[in-house]
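Below is one structure, written out as structure tokens; comments come after it.
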Amino acid sequence: MPNLATARAQRFHAYVERLTTALGHRDRHGPLRAYVTGLCLPGDRKSIEPMAARVDPRHVRARHQSMHHFVANAAWDDGAVLRAARETVLAALERHGPLAAWVVDDTGMPKKGRHSVGVARQYCGVLGKQDNCQVAVSLSVAHERASIPVAYRLYLPEAWAQDQRRRRAAGVPDALEFRTKWQIALEQIAQLAVEGVPAAPVVADAGYGVVTAFRDALTARAIAYVVGISTETTVWAPGRAPLPPPKYRGHGRPPTLVRRTGRHRPLSVRALAQQLPARAWRSVTWRQGTRGAMRSRFAAVRVRPAHRDDWRSTPRPEEWLLIEWPRAEAAPIKYWLSTLPQPATRADLVRLAMLRWRIERDYQELKDELGLDHFEGRGWRGFHHHATLCIAAYAFLAAERLAHFPPEPLAFLQPPRVPKRFTPRGAPRAS
């Protein structure tokens, strides 16, 4: 009877064989096996050459060439491989209940130079400041037990999108036009809906939530959301709304737009939070962390978003405004708007808003353990192929965590045995 490590390795190899069915040409199956295996082997660097040295130490140069062509040049469909990975995770999740959310996020990868596709001086969340980096937009399916990115696309800054010379050098598809991050996210959401992924509320941070057009587009698709907003976002306080259009006086066109006046105006969510009575605030625990219960103080009230509503003929519908104000803080620290149905509880809102922590942990593991940000090529195709294979490897590990307890280390495979003092030919260093 095989031991646990051997059984896990057998499940891994069976999973990789399922991934190969999404590739088409059989000559791509071997490089895929080698690449995904290399990602899961122990090792600090998950760029192609060190992985080739770990996967096939006796034939590093040939293996490197094969893996490089497969990732940088071969025209296989990232979406097909991601769908195969997604199905594996969804099948494992079904045993634990329905999806909790679709989580929109983006992740930055610091870069030097200016030739890697999409690199520009822009905000990089990893560094917490503006710097030279690439940024990818992702959509993850999330449950309280597990989560996995199921759509992933590089954000191409407008300067890149308009630079034909750099586009050609990096292999950016001709048909690709500039899209903002929130527009990319909407396209990913629409595609997942077409593919029949089980529906769930959309969760996003304030980088997306402050965009009224993003929220309106989700509402138009009948998709509920819990999204972060800024302190300056304006709303009508509970029980208030813009004034109706003035009475028609018989001259010109009848007035149709709702109104504000000097004394009847919306207020910022920060100002509203300061006006709420003490009874509006309650302590909510949303999960158990490594240091105990994760708990804070929240208020949840019904408001009407007010952004440019004086150009509308009707007030915006009521939504939830969720506010976090820890007792130790001098002012609230986070705000969200949500279109969850009115019977939703404060605890429901908090659990969904806080589910983004899973995606942050996913990216940390994808980068630290599987080398999501280790790709050294400069092209559009290679960037997405490498990310797809990292996510596919992570999907297997997520499914394993759901099915088997306790979880094992991410790098669980054993490298091939070689003679003592053997140095792989072509390797940058002994691995």
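Ordered as shown in the structure tokens, chains take letters A, B, and onward, while each chain numbers its residues from 1 and ligands are numbered from 1 in the order shown.
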Set the distance at 12 Å and use only C-alpha atoms: which residues neighbour Arg83 (chain A) once local chain neighbours fewer than 6 positions away are removed? I'd like the list as a short mmCIF file (atom, residue, chain, number, x, y, z; two decimals) with N, CA and C atoms, in the first residue's frame.
```
data_model
loop_
_atom_site.label_atom_id
_atom_site.label_comp_id
_atom_site.auth_asym_id
_atom_site.auth_seq_id
_atom_site.Cartn_x
_atom_site.Cartn_y
_atom_site.Cartn_z
N ARG A 18 -4.55 15.39 -16.76
CA ARG A 18 -5.80 16.05 -17.13
C ARG A 18 -5.51 17.42 -17.75
N LEU A 19 -4.51 18.11 -17.22
CA LEU A 19 -4.16 19.41 -17.80
C LEU A 19 -3.69 19.27 -19.24
N THR A 21 -4.72 17.50 -21.55
CA THR A 21 -5.82 17.37 -22.51
C THR A 21 -6.29 18.73 -23.01
N ALA A 22 -5.93 19.80 -22.30
CA ALA A 22 -6.34 21.15 -22.72
C ALA A 22 -5.36 21.75 -23.73
N LEU A 23 -4.27 21.06 -24.04
CA LEU A 23 -3.21 21.65 -24.86
C LEU A 23 -3.34 21.37 -26.35
N ASP A 77 -3.80 27.60 -25.42
CA ASP A 77 -4.86 28.44 -24.85
C ASP A 77 -4.78 28.47 -23.32
N VAL A 89 -10.71 22.39 -8.60
CA VAL A 89 -10.95 23.06 -7.32
C VAL A 89 -12.44 23.11 -7.02
N LEU A 90 -13.27 23.43 -8.02
CA LEU A 90 -14.71 23.51 -7.79
C LEU A 90 -15.27 22.16 -7.35
N ILE A 148 -9.04 30.38 -5.39
CA ILE A 148 -8.09 30.17 -6.50
C ILE A 148 -8.39 31.18 -7.60
N PRO A 149 -7.36 31.84 -8.16
CA PRO A 149 -7.62 32.69 -9.33
C PRO A 149 -8.10 31.83 -10.51
N VAL A 150 -9.12 32.30 -11.20
CA VAL A 150 -9.65 31.56 -12.36
C VAL A 150 -9.60 32.40 -13.62
N ALA A 151 -9.21 33.66 -13.51
CA ALA A 151 -8.97 34.53 -14.67
C ALA A 151 -7.82 35.45 -14.29
N TYR A 152 -6.93 35.70 -15.25
CA TYR A 152 -5.70 36.43 -14.94
C TYR A 152 -5.23 37.12 -16.20
N GLN A 191 -17.11 36.69 -18.74
CA GLN A 191 -16.67 35.41 -19.31
C GLN A 191 -16.97 34.25 -18.37
N LEU A 192 -16.75 34.44 -17.07
CA LEU A 192 -17.05 33.37 -16.12
C LEU A 192 -18.54 33.05 -16.11
N GLU A 195 -19.35 30.92 -19.03
CA GLU A 195 -18.84 29.55 -18.87
C GLU A 195 -19.58 28.76 -17.79
N GLY A 196 -20.53 29.40 -17.13
CA GLY A 196 -21.37 28.68 -16.18
C GLY A 196 -20.77 28.45 -14.81
N VAL A 197 -19.79 29.26 -14.42
CA VAL A 197 -19.25 29.14 -13.06
C VAL A 197 -20.35 29.53 -12.07
N THR A 388 -0.41 31.08 -15.88
CA THR A 388 -1.41 30.02 -15.98
C THR A 388 -0.91 28.73 -15.35
N LEU A 389 0.35 28.37 -15.60
CA LEU A 389 0.89 27.13 -15.05
C LEU A 389 1.11 27.24 -13.55
N ILE A 391 -0.81 29.02 -11.56
CA ILE A 391 -2.16 28.90 -11.00
C ILE A 391 -2.64 27.45 -11.09
N ALA A 392 -2.31 26.76 -12.19
CA ALA A 392 -2.71 25.35 -12.32
C ALA A 392 -2.05 24.50 -11.23
N ALA A 395 -3.81 25.25 -8.02
CA ALA A 395 -5.14 24.64 -7.97
C ALA A 395 -5.08 23.22 -7.43
#
```
- Spatial neighbours of Leu372 (chain A), 9 Å, only C-alpha atoms, chain gap at least 3 places, as a list of chain:residue names: A:Lys46, A:Met109, A:Tyr363, A:Glu365, A:Leu366, A:Lys367, A:Asp368, A:Glu369, A:Phe375, A:His386, A:Ala387, A:Leu389, A:Cys390, A:Ile391
- For Arg358 (chain A), which residue out of A:Trp311, A:Phe298, A:Leu267, A:Val103 is the nearest one, using only C-alpha atoms? A:Val103
- Message: At a cut-off of 9 Å, using only C-alpha atoms, what residues contact Leu39 (chain A)? Leave out same-chain residues fewer than 3 positions from it and give the result as a PyMOL selection string.
- Response: chain A and resi 34-36+42-43+46-47+51+369-371+389-390+393+411
Grab the residues selected above and save them as a PDB file, in the first residue's frame with C-alpha atoms.
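Dumped to again_38.pdb:
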```
ATOM      1  CA  ALA A  34       8.153  19.262 -16.715  1.00  0.00           C
ATOM      2  CA  TYR A  35       7.100  22.870 -16.071  1.00  0.00           C
ATOM      3  CA  VAL A  36       4.367  22.143 -13.538  1.00  0.00           C
ATOM      4  CA  PRO A  42      11.657  22.514  -3.732  1.00  0.00           C
ATOM      5  CA  GLY A  43      13.831  25.419  -4.812  1.00  0.00           C
ATOM      6  CA  LYS A  46      11.194  29.125 -10.282  1.00  0.00           C
ATOM      7  CA  SER A  47      12.446  30.642 -13.531  1.00  0.00           C
ATOM      8  CA  MET A  51      13.586  24.426 -12.872  1.00  0.00           C
ATOM      9  CA  GLU A 369       6.369  29.076  -3.215  1.00  0.00           C
ATOM     10  CA  LEU A 370       5.479  28.717  -6.905  1.00  0.00           C
ATOM     11  CA  GLY A 371       7.354  31.614  -8.476  1.00  0.00           C
ATOM     12  CA  LEU A 389       0.886  27.129 -15.055  1.00  0.00           C
ATOM     13  CA  CYS A 390       1.590  28.614 -11.615  1.00  0.00           C
ATOM     14  CA  ALA A 393      -0.096  24.036  -9.857  1.00  0.00           C
ATOM     15  CA  ALA A 411       6.768  21.926  -2.476  1.00  0.00           C
TER      16      ALA A 411
END
```
- Identify all residues of region 235-336 of chain A in strand (DSSP E) (DSSP on the backbone) and supply them as an MDAnalysis selection string. chainID A and resid 235:236 267:268 282:289 292:305 319:324 334:336
Taking N, CA and C atoms for each residue, export the selection above as a tab-separated table (two decimals), in the first residue's frame.
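Wrote selection.tsv, looks like this:
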```tsv
chain	number	residue	atom	x	y	z
A	235	VAL	N	-22.97	59.82	0.05
A	235	VAL	CA	-24.22	59.05	0.14
A	235	VAL	C	-25.28	59.94	0.77
A	236	TRP	N	-26.52	59.52	0.60
A	236	TRP	CA	-27.63	60.12	1.34
A	236	TRP	C	-27.80	59.34	2.63
A	267	LEU	N	-23.73	63.59	2.04
A	267	LEU	CA	-22.53	63.81	2.84
A	267	LEU	C	-21.56	62.66	2.62
A	268	SER	N	-20.33	62.88	2.97
A	268	SER	CA	-19.32	61.83	2.81
A	268	SER	C	-19.58	60.71	3.81
A	282	ARG	N	-21.49	47.52	16.58
A	282	ARG	CA	-21.46	46.20	17.22
A	282	ARG	C	-20.13	45.52	16.90
A	283	SER	N	-19.65	44.71	17.85
A	283	SER	CA	-18.45	43.91	17.62
A	283	SER	C	-18.82	42.65	16.84
A	284	VAL	N	-18.03	42.34	15.80
A	284	VAL	CA	-18.28	41.17	14.95
A	284	VAL	C	-16.99	40.37	14.81
A	285	THR	N	-17.09	39.06	15.00
A	285	THR	CA	-15.97	38.14	14.77
A	285	THR	C	-16.20	37.45	13.43
A	286	TRP	N	-15.21	37.48	12.54
A	286	TRP	CA	-15.44	36.88	11.20
A	286	TRP	C	-14.63	35.61	10.95
A	287	ARG	N	-13.53	35.39	11.67
A	287	ARG	CA	-12.82	34.11	11.52
A	287	ARG	C	-11.80	33.98	12.64
A	288	GLN	N	-11.23	32.78	12.73
A	288	GLN	CA	-10.17	32.53	13.68
A	288	GLN	C	-8.83	32.69	12.98
A	289	GLY	N	-7.98	33.54	13.50
A	289	GLY	CA	-6.65	33.73	12.94
A	289	GLY	C	-5.61	32.98	13.73
A	292	GLY	N	-5.75	34.05	17.32
A	292	GLY	CA	-7.06	34.07	17.96
A	292	GLY	C	-8.12	34.64	17.05
A	293	ALA	N	-9.25	35.00	17.65
A	293	ALA	CA	-10.40	35.48	16.87
A	293	ALA	C	-10.09	36.82	16.22
A	294	MET	N	-10.51	36.94	14.93
A	294	MET	CA	-10.41	38.21	14.20
A	294	MET	C	-11.70	38.97	14.46
A	295	ARG	N	-11.59	40.10	15.16
A	295	ARG	CA	-12.78	40.80	15.62
A	295	ARG	C	-12.57	42.31	15.49
A	296	SER	N	-13.65	43.02	15.18
A	296	SER	CA	-13.60	44.48	15.14
A	296	SER	C	-15.00	45.02	15.34
A	297	ARG	N	-15.14	46.34	15.31
A	297	ARG	CA	-16.42	47.00	15.53
A	297	ARG	C	-16.94	47.56	14.22
A	298	PHE	N	-18.23	47.28	13.94
A	298	PHE	CA	-18.82	47.65	12.65
A	298	PHE	C	-20.19	48.29	12.84
A	299	ALA	N	-20.53	49.14	11.88
A	299	ALA	CA	-21.90	49.64	11.72
A	299	ALA	C	-22.35	49.29	10.31
A	300	ALA	N	-23.65	48.99	10.15
A	300	ALA	CA	-24.22	48.69	8.83
A	300	ALA	C	-25.55	49.43	8.73
A	301	VAL	N	-25.63	50.36	7.77
A	301	VAL	CA	-26.84	51.17	7.61
A	301	VAL	C	-27.22	51.19	6.13
A	302	ARG	N	-28.50	51.50	5.88
A	302	ARG	CA	-29.01	51.59	4.52
A	302	ARG	C	-28.88	53.04	4.03
A	303	VAL	N	-28.23	53.21	2.88
A	303	VAL	CA	-28.01	54.54	2.33
A	303	VAL	C	-28.28	54.49	0.81
A	304	ARG	N	-28.28	55.68	0.21
A	304	ARG	CA	-28.34	55.78	-1.26
A	304	ARG	C	-27.05	56.41	-1.75
A	305	PRO	N	-26.27	55.73	-2.60
A	305	PRO	CA	-25.09	56.38	-3.18
A	305	PRO	C	-25.51	57.64	-3.93
A	319	GLU	N	-28.61	50.88	-0.66
A	319	GLU	CA	-27.61	49.83	-0.50
A	319	GLU	C	-27.16	49.82	0.95
A	320	TRP	N	-26.39	48.79	1.28
A	320	TRP	CA	-25.76	48.75	2.60
A	320	TRP	C	-24.48	49.59	2.59
A	321	LEU	N	-24.27	50.35	3.62
A	321	LEU	CA	-22.98	50.96	3.91
A	321	LEU	C	-22.43	50.27	5.15
A	322	LEU	N	-21.30	49.60	4.99
A	322	LEU	CA	-20.63	48.92	6.11
A	322	LEU	C	-19.40	49.73	6.49
A	323	ILE	N	-19.24	49.98	7.77
A	323	ILE	CA	-18.14	50.81	8.27
A	323	ILE	C	-17.41	50.05	9.38
A	324	GLU	N	-16.09	50.04	9.31
A	324	GLU	CA	-15.29	49.45	10.39
A	324	GLU	C	-14.61	50.56	11.18
A	334	LYS	N	-12.22	51.67	7.46
A	334	LYS	CA	-12.63	51.08	6.17
A	334	LYS	C	-14.12	51.27	5.96
A	335	TYR	N	-14.49	51.36	4.68
A	335	TYR	CA	-15.89	51.52	4.29
A	335	TYR	C	-16.16	50.62	3.09
A	336	TRP	N	-17.39	50.09	3.03
A	336	TRP	CA	-17.83	49.28	1.89
A	336	TRP	C	-19.27	49.65	1.52
```
- Note on the structure: Judged by only C-alpha atoms, the minimum distance to Glu94 (chain A) among A:Arg165, A:Arg240, A:Arg145, A:His29 is found for A:Arg145
- What's the 10 Å shell around Leu413 (chain A), counting only C-alpha atoms, without same-chain residues fewer than 5 positions away, as a PyMOL selection string? chain A and resi 5-6+8-9+12+37-42
Requested write-out: C-alpha atoms of the selected residues, as a PDB file, in the first residue's frame:
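File written: selection06.pdb
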```
ATOM      1  CA  ALA A   5       3.614  11.013  -0.004  1.00  0.00           C
ATOM      2  CA  THR A   6       3.492   8.460  -2.806  1.00  0.00           C
ATOM      3  CA  ARG A   8      -0.141  12.426  -3.239  1.00  0.00           C
ATOM      4  CA  ALA A   9       2.460  12.225  -6.002  1.00  0.00           C
ATOM      5  CA  PHE A  12      -0.485  14.993  -8.839  1.00  0.00           C
ATOM      6  CA  THR A  37       6.621  19.592 -11.836  1.00  0.00           C
ATOM      7  CA  GLY A  38       9.406  22.175 -11.668  1.00  0.00           C
ATOM      8  CA  LEU A  39       7.063  24.652 -10.025  1.00  0.00           C
ATOM      9  CA  CYS A  40       6.188  22.110  -7.321  1.00  0.00           C
ATOM     10  CA  LEU A  41       9.742  20.918  -6.626  1.00  0.00           C
ATOM     11  CA  PRO A  42      11.657  22.514  -3.732  1.00  0.00           C
TER      12      PRO A  42
END
```
- Would you please give, as a list of chain:residue names, all residues of region 296-375 of chain A that DSSP assigns to helix (DSSP H, G or I) based on the backbone? A:Asp309, A:Asp310, A:Trp311, A:Arg346, A:Ala347, A:Asp348, A:Leu349, A:Val350, A:Arg351, A:Leu352, A:Ala353, A:Arg356, A:Trp357, A:Arg358, A:Ile359, A:Glu360, A:Arg361, A:Asp362, A:Tyr363, A:Gln364, A:Glu365, A:Leu366, A:Lys367, A:Asp368
Would you save the residues from that selection as a short mmCIF file (atom, residue, chain, number, x, y, z; two decimals), in the first residue's frame, using N, CA and C atoms?
```
data_model
loop_
_atom_site.label_atom_id
_atom_site.label_comp_id
_atom_site.auth_asym_id
_atom_site.auth_seq_id
_atom_site.Cartn_x
_atom_site.Cartn_y
_atom_site.Cartn_z
N ASP A 309 -25.92 61.90 -8.86
CA ASP A 309 -27.33 61.53 -9.00
C ASP A 309 -28.20 62.72 -9.38
N ASP A 310 -27.64 63.96 -9.35
CA ASP A 310 -28.43 65.09 -9.82
C ASP A 310 -28.50 65.15 -11.34
N TRP A 311 -27.89 64.16 -12.00
CA TRP A 311 -28.07 63.98 -13.45
C TRP A 311 -29.00 62.80 -13.74
N ARG A 346 -25.40 41.96 9.56
CA ARG A 346 -24.11 42.63 9.69
C ARG A 346 -22.97 41.60 9.58
N ALA A 347 -23.15 40.45 10.22
CA ALA A 347 -22.12 39.41 10.16
C ALA A 347 -21.91 38.91 8.74
N ASP A 348 -23.00 38.77 7.96
CA ASP A 348 -22.88 38.36 6.56
C ASP A 348 -22.02 39.34 5.77
N LEU A 349 -22.30 40.62 5.95
CA LEU A 349 -21.55 41.66 5.24
C LEU A 349 -20.07 41.62 5.62
N VAL A 350 -19.80 41.49 6.91
CA VAL A 350 -18.42 41.50 7.38
C VAL A 350 -17.66 40.29 6.83
N ARG A 351 -18.27 39.11 6.88
CA ARG A 351 -17.59 37.91 6.40
C ARG A 351 -17.20 38.04 4.93
N LEU A 352 -18.10 38.58 4.12
CA LEU A 352 -17.78 38.73 2.70
C LEU A 352 -16.72 39.81 2.49
N ALA A 353 -16.87 40.93 3.17
CA ALA A 353 -15.88 42.01 3.00
C ALA A 353 -14.48 41.54 3.37
N ARG A 356 -11.41 38.87 1.30
CA ARG A 356 -10.27 39.22 0.44
C ARG A 356 -8.94 38.75 1.04
N TRP A 357 -8.87 38.51 2.33
CA TRP A 357 -7.62 38.06 2.93
C TRP A 357 -7.13 36.77 2.28
N ARG A 358 -8.09 35.95 1.84
CA ARG A 358 -7.70 34.68 1.23
C ARG A 358 -6.90 34.93 -0.05
N ILE A 359 -7.35 35.90 -0.85
CA ILE A 359 -6.67 36.16 -2.12
C ILE A 359 -5.29 36.74 -1.87
N GLU A 360 -5.16 37.57 -0.85
CA GLU A 360 -3.83 38.10 -0.50
C GLU A 360 -2.90 36.95 -0.11
N ARG A 361 -3.43 35.97 0.62
CA ARG A 361 -2.58 34.82 0.97
C ARG A 361 -2.27 33.98 -0.25
N ASP A 362 -3.26 33.82 -1.16
CA ASP A 362 -3.01 33.09 -2.39
C ASP A 362 -1.83 33.68 -3.15
N TYR A 363 -1.83 35.00 -3.31
CA TYR A 363 -0.75 35.63 -4.06
C TYR A 363 0.58 35.51 -3.34
N GLN A 364 0.56 35.57 -2.04
CA GLN A 364 1.81 35.40 -1.30
C GLN A 364 2.39 34.01 -1.56
N GLU A 365 1.54 32.98 -1.53
CA GLU A 365 2.02 31.62 -1.78
C GLU A 365 2.38 31.41 -3.25
N LEU A 366 1.58 31.99 -4.15
CA LEU A 366 1.90 31.85 -5.56
C LEU A 366 3.26 32.45 -5.88
N LYS A 367 3.61 33.53 -5.22
CA LYS A 367 4.90 34.17 -5.48
C LYS A 367 6.03 33.51 -4.71
N ASP A 368 5.83 33.30 -3.42
CA ASP A 368 6.92 32.79 -2.58
C ASP A 368 7.22 31.32 -2.84
#
```
- Message: Please determine, counting only C-alpha atoms, which residue among A:Tyr15, A:Phe70, A:Trp281, A:Phe214 has the shortest atom-to-atom distance to Ala84 (chain A).
- Response: A:Tyr15
- Message: Need the shell around His264 (chain A): protein/DNA/RNA residues with any atom at most 9 Å away, counting only C-alpha atoms. Skip same-chain ones fewer than 6 positions apart. Format as a list in words?
- Response: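 Non-adjacent residues within range: Ala241, Pro242 and Leu243 of chain A.
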Those same residues - N, CA and C atoms - I'd like them written as a PDB file, in the first residue's frame.
```pdb
ATOM      1  N   ALA A 241     -33.037  61.225   0.646  1.00  0.00           N
ATOM      2  CA  ALA A 241     -32.878  61.005  -0.787  1.00  0.00           C
ATOM      3  C   ALA A 241     -32.889  62.358  -1.471  1.00  0.00           C
ATOM      4  N   PRO A 242     -32.455  62.448  -2.721  1.00  0.00           N
ATOM      5  CA  PRO A 242     -32.554  63.724  -3.433  1.00  0.00           C
ATOM      6  C   PRO A 242     -34.007  64.158  -3.586  1.00  0.00           C
ATOM      7  N   LEU A 243     -34.212  65.438  -3.750  1.00  0.00           N
ATOM      8  CA  LEU A 243     -35.560  65.974  -3.927  1.00  0.00           C
ATOM      9  C   LEU A 243     -36.088  65.632  -5.317  1.00  0.00           C
TER      10      LEU A 243
END
```
- Message: Using only C-alpha atoms for the distances, tell me which of A:His143, A:Arg121, A:Lys247, A:His69 is nearest to Ala101 (chain A).
- Response: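 Answer, going by the shortest atom-to-atom distance: A:His143.
The protein and nucleic acid residues lying at most 10 Å from Leu99 (chain A) are Leu90, Leu93, Glu94, His96, Trp102, Val141, Ala142, His143, Glu144, Arg145, Ala146, Ser147, Val197, Pro198, Ala199, Ala200 and Pro201 of chain A, with only C-alpha atoms considered and sequence neighbours fewer than 3 positions away removed.
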Serialized selection, C-alpha atoms, as an mmCIF file, in the first residue's frame:
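Written file, again-v6.cif:
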```
data_model
loop_
_atom_site.group_PDB
_atom_site.id
_atom_site.type_symbol
_atom_site.label_atom_id
_atom_site.label_comp_id
_atom_site.auth_asym_id
_atom_site.auth_seq_id
_atom_site.Cartn_x
_atom_site.Cartn_y
_atom_site.Cartn_z
ATOM 1 C CA LEU A 90 -14.712 23.511 -7.789
ATOM 2 C CA LEU A 93 -15.193 22.803 -2.966
ATOM 3 C CA GLU A 94 -18.651 21.351 -3.651
ATOM 4 C CA HIS A 96 -17.969 22.127 1.627
ATOM 5 C CA TRP A 102 -16.014 36.042 -6.821
ATOM 6 C CA VAL A 141 -13.529 32.006 -6.793
ATOM 7 C CA ALA A 142 -13.538 31.976 -3.008
ATOM 8 C CA HIS A 143 -14.915 29.941 -0.140
ATOM 9 C CA GLU A 144 -14.051 30.225 3.530
ATOM 10 C CA ARG A 145 -11.985 27.042 3.107
ATOM 11 C CA ALA A 146 -10.139 27.814 -0.151
ATOM 12 C CA SER A 147 -9.795 30.175 -3.097
ATOM 13 C CA VAL A 197 -19.250 29.142 -13.055
ATOM 14 C CA PRO A 198 -21.607 29.089 -10.048
ATOM 15 C CA ALA A 199 -22.741 32.639 -9.310
ATOM 16 C CA ALA A 200 -21.690 34.480 -6.149
ATOM 17 C CA PRO A 201 -21.441 38.095 -4.965
#
```
- Atomic separation - CA of Ala100 (chain A) relative to CA of Ala136 (chain A), Å: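 Calculated distance between CA of Ala136 (chain A) and CA of Ala100 (chain A) is 22.8 Å.
The space between CA of Ile48 (chain A) and CA of Trp380 (chain A) spans 16.3 Å.
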Could you give me, as JSON lines, a per-residue list for region 234-281 of chain A showing, wherever an atom lies at most 9 Å from an atom of region 330-333 of chain A, the closest pair of atoms and their distance in Å to one decimal, using only C-alpha atoms and sorting by chain then residue number from low to high?
```
{"residue": "A:Arg270", "atom": "CA", "partner": "A:Pro332", "partner_atom": "CA", "distance": 7.4}
{"residue": "A:Ala273", "atom": "CA", "partner": "A:Pro332", "partner_atom": "CA", "distance": 7.4}
{"residue": "A:Gln274", "atom": "CA", "partner": "A:Ala331", "partner_atom": "CA", "distance": 8.1}
```
Writing out the chosen residues with N, CA and C atoms as an mmCIF file, in the first residue's frame:
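So the final result, stored in again.cif, reads:
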```cif
data_model
loop_
_atom_site.group_PDB
_atom_site.id
_atom_site.type_symbol
_atom_site.label_atom_id
_atom_site.label_comp_id
_atom_site.auth_asym_id
_atom_site.auth_seq_id
_atom_site.Cartn_x
_atom_site.Cartn_y
_atom_site.Cartn_z
ATOM 1 N N ARG A 270 -17.429 59.363 5.623
ATOM 2 C CA ARG A 270 -16.702 59.690 6.852
ATOM 3 C C ARG A 270 -17.569 60.552 7.778
ATOM 4 N N ALA A 273 -20.392 58.447 9.278
ATOM 5 C CA ALA A 273 -19.924 57.569 10.359
ATOM 6 C C ALA A 273 -19.811 58.338 11.675
ATOM 7 N N GLN A 274 -19.346 59.579 11.607
ATOM 8 C CA GLN A 274 -19.190 60.374 12.823
ATOM 9 C C GLN A 274 -20.535 60.721 13.450
#
```
- Item | Interatomic distance (Å, one decimal) between CA of Thr20 (chain A) and CA of Tyr394 (chain A) | 16.0 Å
